[in-house]
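Colleague: Supplied in structure tokens, the structure appears directly below.
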Amino acid sequence: MVVAFVIHTVCPIGALAPGESRVLYSRVFGPDEALFQGGQRLQLNAEERRLLSVEKLAVVARQVQSAVSLHREASGHPPVETLPGEEALALQDADTGVLRLRCGDPYLQEVSALWLAVNCLSFVILCEPHENLLLAEGTLRNLARHCLEHLHMLGQGSEILLKSSRVDVLLSRLLPHGQLVFLNHRFAQSLEKDMAAYMHK
């Protein structure tokens, strides 16, 4: 089961300090663990649950941002600015990695965070540790490719927040209800046509 999908910044933009990261899009799947702590049901209202979820995703974004920075420093290849239309090239040169988030840091259970960093954006899938990580990585690459190609997220002034409904549609097709799906070639082609038709509306 996938716990969440997140898109966030990994390079300082605008008013952000060098170590900060901004969550641009997030979708949480599965039961709301904000309602439970130590096996006890907490009495939180909707706003408190939302704030707790936002804080957890911000913690994940900071940890991934730190991992991306370390990876880029170690490789000696700083991110190269890619122009709109060069999404396939940017994805080919993307940095990738996996983080193990221990129990309580920030989720109650251990979680694997698979990340893919393209320029100043990072795409992250948080999943339970027993999930098939190769399948999760393929799904993450597929999601990132569709986001970059159809939603043009690398361009100047691309407002991801305004495209959230389109990202929701991608997730409903490629990650239905947070479940990783094996795609055969024929089904994948059908899905590609379906999504391309929707994105060009």
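Each chain of the structure tokens is named A, B, ... in the order shown, its residues numbered from 1; ligands are numbered from 1 in display order.
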List as a list in words the protein and nucleic acid residues near A:Leu133, meaning an atom at most 10 Å away when only C-alpha atoms are counted, but skip any in the same chain fewer than 6 places from it.

Modeller: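 Everything that qualifies: Val98, Ser112, Ala113, Leu114, Cys127, Thr139 and Leu180 of chain A.
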
Colleague: Please provide as a ChimeraX atom specification all residues within 12 Å of A:Leu116, with the sequence filter that same-chain residues fewer than 4 positions apart are discarded (counting only C-alpha atoms).

Modeller: /A:5-10,64-65,67-68,71,90-99,120-126,136-145

Colleague: In Å, with one decimal, what is the gap from atom CA of A:Glu55 to atom CA of A:Arg72?

Modeller: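 Atom-to-atom, atom CA of A:Glu55 to atom CA of A:Arg72, that is 25.7 Å.
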